[in-house]
Every structure is written in C-alpha cells, then in structure tokens.
>>> print(open('input05.txt').read())   # compact mmCIF, C-alpha atoms
# COMPACT_ATOMS: atom_id res chain seq x y z
CA MET N 581 -3.33 -32.91 -18.67
CA ILE N 582 -6.70 -31.86 -20.13
CA SER N 583 -9.96 -33.68 -19.46
CA GLU N 584 -13.57 -33.08 -20.52
CA MET N 585 -16.32 -32.79 -17.92
CA SER N 586 -20.00 -33.64 -18.31
CA ASN N 587 -20.86 -30.02 -18.97
CA ARG N 588 -18.62 -30.19 -22.08
CA HIS N 589 -16.10 -27.71 -20.78
CA LYS N 590 -12.47 -28.79 -20.90
CA TYR N 591 -10.40 -28.88 -17.71
CA ILE N 592 -6.72 -29.04 -16.89
CA GLU N 593 -5.88 -31.68 -14.30
CA PHE N 594 -2.84 -31.83 -12.05
CA LYS N 595 -1.86 -33.34 -8.72
CA CYS N 596 -2.60 -31.09 -5.75
CA ILE N 597 -2.78 -31.27 -1.95
CA PRO N 598 -4.57 -28.95 0.49
CA VAL N 599 -2.63 -26.83 2.98
CA MET N 600 -3.99 -25.19 6.12
CA GLN N 601 -2.48 -21.92 7.40
CA PRO N 602 -3.86 -19.00 9.49
CA ILE N 603 -5.12 -17.23 6.36
CA GLY N 604 -7.21 -20.31 5.50
CA SER N 605 -6.84 -23.30 3.19
CA PHE N 606 -5.20 -23.36 -0.21
CA TYR N 607 -3.66 -25.93 -2.54
CA ILE N 608 -0.13 -26.63 -3.70
CA GLY N 609 0.68 -28.61 -6.78
CA ALA N 610 2.76 -28.97 -9.95
CA ILE N 611 1.33 -27.70 -13.22
CA ASP N 612 2.76 -27.60 -16.72
CA SER N 613 3.95 -24.09 -17.55
CA ASN N 614 2.09 -24.03 -20.88
CA ASP N 615 -1.18 -24.85 -19.13
CA LEU N 616 -0.63 -22.08 -16.58
CA VAL N 617 0.24 -19.59 -19.32
CA ASN N 618 -3.05 -20.45 -21.05
CA ILE N 619 -5.34 -19.99 -18.06
CA SER N 620 -3.69 -17.17 -16.10
CA TYR N 621 -3.94 -13.40 -16.28
CA ALA N 622 -2.49 -10.39 -14.43
CA ASP N 623 -4.71 -7.52 -13.25
CA VAL N 624 -2.21 -4.69 -13.74
CA ARG N 625 -2.64 -1.95 -11.16
CA ARG N 626 -4.73 0.96 -12.37
CA ILE N 627 -6.65 3.92 -10.99
CA GLU N 628 -10.22 4.81 -11.83
CA LYS N 629 -12.28 7.85 -10.82
CA GLU N 630 -15.71 7.66 -9.25
CA GLN N 631 -18.27 10.45 -9.65
CA ARG N 632 -17.34 11.77 -6.21
CA ASN N 633 -13.73 12.07 -7.42
CA ILE N 634 -12.62 9.39 -4.96
CA GLU N 635 -9.71 7.39 -6.31
CA LEU N 636 -10.47 3.69 -6.39
CA VAL N 637 -7.37 1.54 -6.62
CA LEU N 638 -7.90 -1.79 -8.36
CA GLY N 639 -5.53 -4.65 -9.10
CA ILE N 640 -2.38 -5.62 -7.25
CA GLN N 641 0.22 -6.50 -9.87
CA ARG N 642 3.05 -4.32 -11.06
CA PRO N 643 3.32 -3.50 -14.79
CA LEU N 644 5.17 -6.10 -16.87
CA LYS N 645 8.70 -5.07 -17.75
CA ASP N 646 9.86 -6.11 -21.21
CA ASN N 647 13.51 -6.35 -20.23
CA ARG N 648 12.67 -8.64 -17.33
CA ILE N 649 10.59 -10.89 -19.58
CA LYS N 650 13.44 -11.12 -22.11
CA GLU N 651 15.84 -12.10 -19.34
CA ILE N 652 13.50 -14.87 -18.17
CA LYS N 653 12.88 -16.17 -21.70
CA LYS N 654 16.63 -16.56 -22.06
CA TYR N 655 17.05 -18.06 -18.61
CA VAL N 656 14.38 -20.77 -18.94
CA ASN N 657 16.27 -22.26 -21.87
CA LEU N 658 19.44 -22.79 -19.83
CA ILE N 659 20.27 -26.37 -18.85
CA ASP N 660 20.04 -25.61 -15.15
CA ALA N 661 17.05 -23.26 -15.22
CA THR N 662 14.77 -23.49 -12.20
CA PHE N 663 11.98 -21.63 -10.43
CA PRO N 664 11.88 -23.28 -7.01
CA THR N 665 9.46 -20.80 -5.42
CA SER N 666 5.71 -20.96 -5.97
CA ILE N 667 3.68 -19.04 -8.47
CA ILE N 668 0.68 -17.77 -6.50
CA VAL N 669 -2.73 -17.59 -8.17
CA SER N 670 -6.32 -17.04 -7.13
CA VAL N 671 -9.35 -18.70 -8.71
CA GLU N 672 -13.06 -18.04 -8.23
CA GLN N 673 -14.71 -21.43 -7.83
CA VAL N 674 -17.82 -20.69 -9.90
CA ASN N 675 -17.63 -19.19 -13.38
CA GLU N 676 -20.52 -16.72 -13.27
CA GLU N 677 -20.30 -15.83 -16.96
CA LEU N 678 -20.66 -19.42 -18.21
CA SER N 679 -23.12 -20.65 -15.57
CA THR N 680 -26.86 -20.79 -16.24
CA ASP N 681 -29.92 -21.51 -14.14
CA ASN N 682 -29.73 -25.14 -15.19
CA ASN N 683 -25.98 -25.61 -15.26
CA THR N 684 -23.27 -24.39 -12.89
CA VAL N 685 -19.84 -24.18 -14.47
CA TYR N 686 -16.93 -24.46 -12.06
CA ASN N 687 -13.51 -22.91 -12.56
CA ALA N 688 -12.01 -25.16 -9.89
CA ILE N 689 -12.97 -28.69 -8.80
CA TYR N 690 -10.88 -30.61 -6.30
CA ASP N 691 -10.99 -34.41 -6.27
CA SER N 692 -9.89 -35.29 -2.74
CA ASP N 693 -9.92 -39.02 -3.43
CA ARG N 694 -7.23 -38.67 -6.09
CA ASN N 695 -5.63 -35.43 -4.85
CA VAL N 696 -6.29 -33.90 -8.26
CA MET N 697 -7.24 -30.29 -9.03
CA LYS N 698 -9.28 -29.58 -12.15
CA LEU N 699 -9.14 -26.03 -13.55
CA LEU N 700 -11.30 -24.80 -16.39
CA ASN N 701 -9.21 -24.42 -19.53
CA ASN N 702 -10.08 -20.76 -19.99
CA SER N 703 -7.78 -17.75 -20.43
CA LYS N 704 -9.38 -15.78 -17.57
CA VAL N 705 -9.50 -18.38 -14.81
CA ALA N 706 -6.40 -17.89 -12.64
CA GLN N 707 -5.51 -14.40 -11.48
CA ILE N 708 -1.79 -14.05 -10.79
CA ILE N 709 -0.96 -12.74 -7.34
CA ASP N 710 2.78 -13.27 -7.61
CA GLY N 711 4.87 -14.53 -10.53
CA GLN N 712 3.59 -12.73 -13.60
CA HIS N 713 7.08 -12.16 -15.03
CA ARG N 714 7.96 -15.84 -14.71
CA ILE N 715 4.73 -16.84 -16.44
CA ALA N 716 5.21 -14.30 -19.22
CA GLY N 717 8.80 -15.48 -19.67
CA LEU N 718 7.58 -19.06 -20.19
CA GLU N 719 5.10 -18.14 -22.91
CA ASN N 720 5.77 -20.27 -26.02
CA PHE N 721 8.34 -22.33 -24.13
CA ASP N 722 9.16 -25.45 -26.15
CA GLY N 723 9.63 -28.28 -23.71
CA ILE N 724 8.65 -29.48 -20.28
CA PHE N 725 8.80 -26.95 -17.48
CA GLN N 726 6.57 -27.70 -14.52
CA LEU N 727 5.82 -24.98 -12.01
CA ASN N 728 4.87 -25.39 -8.39
CA ILE N 729 1.88 -23.22 -7.63
CA ALA N 730 -0.01 -22.10 -4.57
CA LEU N 731 -3.67 -21.96 -5.53
CA PHE N 732 -6.25 -20.00 -3.53
CA VAL N 733 -9.94 -20.55 -4.23
CA ASP N 734 -12.43 -17.68 -3.68
CA MET N 735 -9.79 -15.50 -2.05
CA ASP N 736 -11.05 -11.95 -1.34
CA VAL N 737 -9.21 -8.97 -2.78
CA GLU N 738 -7.89 -7.78 0.58
CA ASP N 739 -6.14 -11.08 1.25
CA GLN N 740 -4.78 -11.12 -2.30
CA ALA N 741 -3.33 -7.66 -1.75
CA MET N 742 -1.82 -8.57 1.60
CA VAL N 743 -0.18 -11.75 0.28
CA PHE N 744 1.31 -9.77 -2.59
CA ALA N 745 2.48 -6.94 -0.34
CA THR N 746 3.97 -9.27 2.29
CA ILE N 747 5.92 -11.36 -0.22
CA ASN N 748 7.30 -8.48 -2.22
CA ASP N 749 7.96 -6.09 0.65
CA LYS N 750 10.09 -8.73 2.37
CA GLN N 751 11.86 -10.28 -0.62
CA THR N 752 12.15 -7.74 -3.45
CA LYS N 753 12.51 -4.03 -3.95
CA VAL N 754 8.91 -2.96 -4.26
CA ASN N 755 8.00 0.71 -4.24
CA ARG N 756 6.94 1.31 -0.64
CA SER N 757 4.24 3.75 -1.71
CA ILE N 758 2.55 0.88 -3.59
CA VAL N 759 2.82 -1.32 -0.50
CA ALA N 760 1.33 1.45 1.63
CA ASP N 761 -1.48 1.96 -0.87
CA LEU N 762 -2.45 -1.72 -0.86
CA PHE N 763 -3.75 -1.32 2.68
CA SER N 764 -6.55 0.83 1.24
CA LEU N 765 -8.08 -2.43 -0.02
CA ASN N 766 -8.69 -3.62 3.55
CA LYS N 767 -12.34 -4.19 4.34
CA LYS N 768 -11.76 -3.51 8.01
CA ARG N 769 -10.07 -0.60 9.70
CA SER N 770 -6.34 -0.55 10.25
CA PRO N 771 -3.74 2.13 11.08
CA GLN N 772 -2.29 1.64 7.60
CA LYS N 773 -5.64 2.14 5.88
CA THR N 774 -6.38 5.28 7.91
CA SER N 775 -2.98 6.84 7.22
CA ASN N 776 -3.33 6.13 3.51
CA PHE N 777 -6.86 7.56 3.47
CA ILE N 778 -5.58 10.79 5.04
CA VAL N 779 -2.69 11.07 2.59
CA ARG N 780 -4.98 10.69 -0.41
CA LEU N 781 -7.52 13.10 1.05
CA LEU N 782 -4.92 15.81 1.65
CA ASN N 783 -3.51 15.33 -1.83
CA SER N 784 -6.87 15.54 -3.60
CA GLU N 785 -8.80 18.38 -1.96
CA SER N 786 -8.48 21.67 -3.85
CA ASP N 787 -7.82 23.87 -0.80
CA SER N 788 -5.48 21.44 0.96
CA PRO N 789 -1.91 22.64 1.65
CA PHE N 790 -0.78 19.35 0.06
CA LYS N 791 -2.86 19.60 -3.10
CA GLY N 792 -0.74 18.01 -5.86
CA LYS N 793 2.39 17.79 -3.68
CA ILE N 794 2.33 14.04 -2.99
CA LYS N 795 3.77 11.33 -5.23
CA ILE N 796 0.89 8.87 -5.17
CA LEU N 797 2.18 5.29 -5.59
CA GLY N 798 5.69 6.73 -5.48
CA THR N 799 5.79 7.92 -9.11
CA ALA N 800 5.60 11.64 -9.72
CA ASP N 801 3.27 12.73 -12.51
CA ASP N 802 4.55 16.27 -12.02
CA LYS N 803 8.11 15.90 -10.78
CA GLU N 804 8.41 19.65 -10.24
CA ARG N 805 5.47 19.84 -7.81
CA GLU N 806 5.16 16.38 -6.26
CA THR N 807 7.92 16.54 -3.64
CA ILE N 808 6.71 14.16 -0.88
CA THR N 809 6.16 10.44 -1.38
CA GLN N 810 2.98 8.72 -0.30
CA ALA N 811 5.03 6.23 1.73
CA THR N 812 6.92 8.95 3.63
CA PHE N 813 3.70 10.78 4.47
CA ALA N 814 1.85 7.63 5.59
CA LYS N 815 4.80 6.50 7.71
CA ASN N 816 4.93 9.81 9.56
CA ILE N 817 1.22 9.60 10.40
CA LEU N 818 1.47 5.96 11.45
CA LYS N 819 4.17 6.64 14.00
CA TYR N 820 1.70 8.70 16.06
CA MET N 821 -1.11 6.15 15.81
CA SER N 822 0.57 2.86 16.59
CA ARG N 823 3.65 1.26 18.08
CA ASP N 824 3.01 -1.89 16.01
CA PRO N 825 0.62 -1.28 13.07
CA ILE N 826 0.80 -4.87 11.78
CA THR N 827 -0.28 -6.28 15.17
CA ASP N 828 -3.04 -3.68 15.46
CA ARG N 829 -4.34 -4.62 12.03
CA ASP N 830 -4.28 -8.31 12.91
CA ARG N 831 -6.13 -7.77 16.21
CA ILE N 832 -8.81 -5.64 14.53
CA LYS N 833 -9.28 -8.25 11.81
CA ARG N 834 -9.67 -10.95 14.47
CA GLY N 835 -12.29 -8.84 16.26
CA LYS N 836 -10.18 -8.35 19.38
CA LYS N 837 -10.55 -5.24 21.49
CA ILE N 838 -7.71 -2.73 21.65
CA LEU N 839 -7.50 -0.58 24.75
CA GLN N 840 -6.97 3.15 24.50
CA VAL N 841 -3.70 4.61 25.73
CA GLU N 842 -3.16 7.14 28.50
CA GLY N 843 -0.41 9.09 30.23
CA LYS N 844 3.03 9.11 28.60
CA GLU N 845 1.92 6.47 26.11
CA GLU N 846 -0.92 8.71 24.95
CA GLU N 847 1.46 11.65 24.52
CA ARG N 848 3.82 9.56 22.41
CA TYR N 849 0.97 8.19 20.25
CA PHE N 850 -1.28 11.21 20.47
CA LEU N 851 -3.38 10.22 17.44
CA ARG N 852 -4.02 6.67 18.64
CA ASN N 853 -7.16 7.19 20.69
CA LEU N 854 -8.74 9.15 17.84
CA PHE N 855 -8.01 6.22 15.54
CA LEU N 856 -9.34 3.66 18.01
CA THR N 857 -12.60 5.62 18.33
CA ASP N 858 -13.09 5.87 14.53
CA GLN N 859 -12.33 9.60 14.39
CA ASP N 860 -10.15 9.56 11.28
CA VAL N 861 -11.61 12.85 10.08
CA LYS N 862 -10.31 14.57 13.21
CA ILE N 863 -6.82 13.23 12.53
CA ALA N 864 -7.01 14.59 8.99
CA LYS N 865 -8.19 17.98 10.27
CA ILE N 866 -5.34 18.23 12.77
CA ILE N 867 -2.72 17.62 10.07
CA TRP N 868 -4.55 19.85 7.59
CA ASN N 869 -4.82 22.75 10.05
CA TYR N 870 -1.19 22.40 11.14
CA PHE N 871 0.21 22.51 7.61
CA PHE N 872 -2.19 25.30 6.66
CA ALA N 873 -0.40 27.35 9.31
CA VAL N 874 2.98 26.27 7.92
CA GLN N 875 1.88 27.39 4.47
CA GLU N 876 0.68 30.74 5.82
CA LYS N 877 3.91 31.28 7.78
CA TRP N 878 6.32 30.47 4.93
CA PRO N 879 4.23 30.73 1.71
CA ASN N 880 7.13 31.07 -0.71
CA ALA N 881 9.24 28.33 0.84
CA TRP N 882 6.21 26.03 0.89
CA SER N 883 5.24 26.64 -2.73
CA LYS N 884 8.65 26.90 -4.39
CA VAL N 885 10.17 23.82 -5.98
CA GLU N 886 13.71 25.09 -6.49
CA ARG N 887 16.38 22.55 -5.67
CA GLU N 888 17.80 24.56 -2.76
CA MET N 889 14.44 24.84 -0.93
CA VAL N 890 13.69 22.05 1.54
CA LEU N 891 10.54 23.01 3.47
CA ASN N 892 8.11 21.10 1.23
CA LYS N 893 10.48 18.20 0.61
CA SER N 894 11.28 15.23 2.83
CA THR N 895 13.80 17.19 4.92
CA GLY N 896 11.29 19.87 5.87
CA PHE N 897 8.26 17.60 5.96
CA ILE N 898 9.77 15.04 8.34
CA ALA N 899 11.06 17.79 10.64
CA LEU N 900 7.63 19.45 10.65
CA MET N 901 5.87 16.15 11.37
CA ARG N 902 8.22 15.61 14.29
CA PHE N 903 7.45 19.11 15.55
CA LEU N 904 3.71 18.49 15.13
CA LYS N 905 3.61 16.35 18.25
CA ASP N 906 5.15 19.05 20.46
CA ALA N 907 3.04 21.84 19.00
CA TYR N 908 -0.18 19.85 19.14
CA LEU N 909 0.26 18.63 22.71
CA HIS N 910 1.04 22.21 23.79
CA LEU N 911 -2.04 23.66 22.08
CA ARG N 912 -4.46 20.81 22.68
CA ALA N 913 -4.58 21.56 26.40
CA LYS N 914 -6.28 24.86 25.55
CA GLU N 915 -8.46 23.88 22.61
CA GLY N 916 -9.34 20.18 22.65
CA ASP N 917 -8.86 17.35 20.17
CA VAL N 918 -8.85 19.42 16.98
CA VAL N 919 -6.60 22.47 17.11
CA SER N 920 -7.91 25.10 14.70
CA LYS N 921 -6.11 26.69 11.78
CA ASN N 922 -6.06 30.06 13.51
CA THR N 923 -4.58 28.63 16.71
CA PHE N 924 -1.80 26.90 14.79
CA LYS N 925 -1.31 30.05 12.69
CA HIS N 926 -0.95 32.26 15.78
CA PHE N 927 1.50 29.76 17.26
CA PHE N 928 3.74 29.83 14.16
CA GLU N 929 3.71 33.64 14.04
CA ASN N 930 6.02 33.65 17.06
CA ILE N 931 8.66 31.43 15.40
CA ASP N 932 11.43 33.65 14.10
CA ILE N 933 12.82 31.68 11.17
CA ASN N 934 13.14 33.47 7.82
CA GLU N 935 11.79 31.39 4.97
CA LYS N 936 14.80 32.27 2.80
CA ASP N 937 16.98 30.46 5.34
CA ILE N 938 15.11 27.16 5.05
CA ASN N 939 17.43 25.86 2.36
CA ARG N 940 19.90 23.05 1.65
CA ASN N 941 22.84 25.04 2.97
CA ASN N 942 21.35 25.47 6.44
CA TYR N 943 19.41 22.20 6.52
CA VAL N 944 21.24 19.56 4.53
CA PRO N 945 19.13 16.77 3.04
CA GLY N 946 18.84 13.76 5.33
CA SER N 947 18.51 13.11 9.03
CA GLY N 948 21.03 15.81 9.98
CA GLY N 949 19.06 18.57 8.32
CA GLN N 950 15.79 17.21 9.68
CA SER N 951 17.10 17.26 13.24
CA GLN N 952 18.55 20.74 12.85
CA LEU N 953 15.27 22.17 11.57
CA TYR N 954 13.32 20.41 14.32
CA ASN N 955 15.67 21.76 17.00
CA ASP N 956 15.38 25.28 15.58
CA LEU N 957 11.59 25.03 15.59
CA MET N 958 11.64 23.87 19.18
CA GLU N 959 13.97 26.66 20.27
CA LYS N 960 12.26 29.49 18.35
CA SER N 961 8.81 28.40 19.52
CA GLY N 962 9.82 28.31 23.16
CA LEU N 963 9.00 24.62 23.51
CA GLN N 964 12.63 23.56 23.95
CA LYS N 965 12.99 21.95 27.35
>>> encode(input="input05.txt", output="structure tokens")
Amino acid sequence: MISEMSNRHKYIEFKCIPVMQPIGSFYIGAIDSNDLVNISYADVRRIEKEQRNIELVLGIQRPLKDNRIKEIKKYVNLIDATFPTSIIVSVEQVNEELSTDNNTVYNAIYDSDRNVMKLLNNSKVAQIIDGQHRIAGLENFDGIFQLNIALFVDMDVEDQAMVFATINDKQTKVNRSIVADLFSLNKKRSPQKTSNFIVRLLNSESDSPFKGKIKILGTADDKERETITQATFAKNILKYMSRDPITDRDRIKRGKKILQVEGKEEERYFLRNLFLTDQDVKIAKIIWNYFFAVQEKWPNAWSKVEREMVLNKSTGFIALMRFLKDAYLHLRAKEGDVVSKNTFKHFFENIDINEKDINRNNYVPGSGGQSQLYNDLMEKSGLQK
C-alpha cells in the first residue's frame, strides 16, 4: 500500500510490530513482494584498496547466482510455493541525500498507534542482509506474494555482518573464509578480528613467508600458489588465543573484563595474554618469525606447488601450527614474548627431516598425515616427552 506524506514523497505502508531482543529492537511485518523488490538492494561483497594498501572489505552479501534465481522464479509460481522464513533488511531512518536544512526526509516512519511501518518508495532504501536470492526470484512476479520481513532501523555495519554470518554459518553452506573475514568489520576487538588481521597482514607483506599463499575469502586467485585458506589459518591462530572466541567477543562488546590466564591454561592458550593486552603485533611477529625459519629450513618444499608436496598446504601447515606451541614455549623461556627469526632458525637447524621426504607418500593428506608430521617434528627436535 502506497501513501503520500506531507513532504510529497511516496511511502509504502504495511502492518508491523516491534520486537525486543539482546541485539536491540527491530520490526516484523508482512510486505508485498513487489514493494520489497522496488525498495531493496544488495551490497555485493567487494574489496577496495586504500593508499596504504590495506584491504578494506565492504558489503556482506554473496554474489547473486543466476541458476539460483531461475530456480526461485520457477518455484514461486507453484501452487504451494512458500517462504516461511523472514527476509532481513536494514534501513537508515533519515535519507541524507533527500533531506535539506528545512525539510528532513525519512526512509522509515513507524506509527505505533496503528502498528504501521511507512518506508520511502525509493529503490535504495532497504539494504538486504539476508534473502537477496528470494527477492530477485520474485522480481516481476504476477500475483500476490507477501513476505514476512525483519526490519532493522539504523543498524550499524558490524551488527549487519554478524546477523548475516550467524544465520548463514548455522543454516547454509557458506564459505567459512567469508564468515571469518566478516569479523574484520567489528568495531571492537575480538579474537576473531585479531586472527583475521594477522592472516591478512601475513598474506600482504612483500617479505612475509606467506606472501600470496593464502586464499583470501576462500577463493584462490592463483590456484597454483594460494594453498592455505583464510579460514584454516585464522582457526589455527584462534585455538591458541581463546577457548571460546564467541563468548570472548560478547564479553568484550559488553565492556566486561576478561582475566589473563596463567599456569597450564596459559601454556595451552599461549597467545591469549598477548591478545588481552592488545599486543596483536607481537602475535603476528611470533608467527612470522616461526614460519620464516620453516621457509629457511625447507625452502624448496615451502615454495613448490607440486601436487605431491605438502609442507605449504593444509597438511603441513596444520602440523606446523601444532608444533608452534611446543617450539615457542621451549624457546620463550630463554628469549621472552617474541622469539626472534634467528632463534627459531637455529632451532629448526637441528631437525633432521629432508625436505624431499615431506610429501604425500610419507604424510598423507588429512589428520593422519598431520599427526605423523607433528610427531616427527617433536621427535627430531628433541621435544618429544
């Protein structure tokens, strides 16, 4: 239903009620699909470069898939077609582009007396957080198809990202590297944001042992060189920073204090106290220095991309990240928080494993090969207990 306000801008009206949840208040209602098609848009995920060469990730939606849209267009015309779950959209209350000093134009106006939401009838009003394929599939639909929507007003980009990530990580097969990357949008610190920052740093710096080796957002631009996924890397950093990253993030966002760990707990999560004291750069240096030594020890195995080599793929990487804890705790006692490149390098010089032997035959892909390589590293280094 379209109405005209005093400022001569047309609005779509539909019944709506407010809902209160921990994230804040939002509205649920039923809107005609054609109206939603007209006012909604999807900010497809893209990457832009700043002058400092820092990658800024914007947008939270996945690219539209033509085949999926065709399937939905066919489905919505079936006699028993239904979309029972909510389309989720976000609206900025004030339209800055149309507003003037003398006249404020609102994108969203809620009439609490009538339980009616009024949305400006404009093609760039409602940003889709979840449901872009359903909306695209209903474009030009001839008939009545109401959609239940969850409408957030003035929702910040971090919360948009987290709602999207939570829904899709739990219910659909979303690339886990994209989910990991969404945490970079957080305004406040979190273990997830720190791990993702370190992954991107190590992948971007010219002299990093991981330069160009990481599949950012899970899709390899250079499939021959990019052998480690962003999600795998971030996960293997997280496991040393936090027992429960989601709870840590929630406590930090609520402003609650998190105590540092000590004793056996500190050894298990040996990067945690550095994270809790805002020393992310030290964490990055530890991992950088460690893998610099790996690269120096086995330069050919680390650089080669042949199918049979496993050192710079998930098998070798996960085994090496597991071994990092043992090596670091052993060397930290002598050197302090950040173990230097030379100290790690000297440590690896005593490990008698020929780089030609670090292959698929000796270390089969998967957990078996990872464990075997880790055990060999422990034995050859003298750290095996």
>>> atom_distance(input="input05.txt", atom1="atom CA of Ile832 of chain N", atom2="atom CA of Ser770 of chain N")
7.1 Å
>>> residues_around(input="input05.txt", residues="Pro771 of chain N", least_positions_apart="3", cutoff="7 Å", atoms="all atoms listed in the file", output="PyMOL selection string")
chain N and resi 774-775+818+821+825+829
>>> residues_around(input="input05.txt", residues="segment 699-702 of chain N", least_positions_apart="2", cutoff="9 Å", atoms="all atoms listed in the file", output="number ranges by chain")
N: 582, 589-594, 615, 618-620, 671, 675, 685-690, 697, 704-706
>>> residues_around(input="input05.txt", residues="segment 862-878 of chain N", least_positions_apart="4", cutoff="10 Å", atoms="only C-alpha atoms", output="number ranges by chain")
N: 774-775, 777-779, 781-782, 787-790, 817, 821, 850-852, 854-855, 858, 882-883, 891-892, 897, 900-901, 904, 907-908, 917-931, 933-936, 938
>>> atom_distance(input="input05.txt", atom1="atom CA of Arg694 of chain N", atom2="atom CA of Tyr607 of chain N")
13.7 Å
>>> closest_residue(input="input05.txt", among="N:Ile597, N:Asn955, N:Arg831, N:Ala741", to="Asn695 of chain N", atoms="only C-alpha atoms")
N:Ile597
>>> closest_residue(input="input05.txt", among="N:Thr807, N:Gln772, N:Thr662, N:Gln726", to="Met742 of chain N", atoms="all atoms listed in the file")
N:Gln772
>>> atom_distance(input="input05.txt", atom1="atom CA of Ile667 of chain N", atom2="atom CA of Asn728 of chain N")
6.5 Å
>>> residues_around(input="input05.txt", residues="Ala661 of chain N", least_positions_apart="6", cutoff="12 Å", atoms="only C-alpha atoms", output="mmCIF file with C-alpha atoms, in the frame of the given file")
data_model
loop_
_atom_site.group_PDB
_atom_site.id
_atom_site.type_symbol
_atom_site.label_atom_id
_atom_site.label_comp_id
_atom_site.auth_asym_id
_atom_site.auth_seq_id
_atom_site.Cartn_x
_atom_site.Cartn_y
_atom_site.Cartn_z
ATOM 1 C CA GLU N 651 15.840 -12.100 -19.340
ATOM 2 C CA ILE N 652 13.500 -14.870 -18.170
ATOM 3 C CA LYS N 653 12.880 -16.170 -21.700
ATOM 4 C CA LYS N 654 16.630 -16.560 -22.060
ATOM 5 C CA TYR N 655 17.050 -18.060 -18.610
ATOM 6 C CA ARG N 714 7.960 -15.840 -14.710
ATOM 7 C CA LEU N 718 7.580 -19.060 -20.190
ATOM 8 C CA ILE N 724 8.650 -29.480 -20.280
ATOM 9 C CA PHE N 725 8.800 -26.950 -17.480
ATOM 10 C CA GLN N 726 6.570 -27.700 -14.520
ATOM 11 C CA LEU N 727 5.820 -24.980 -12.010
#
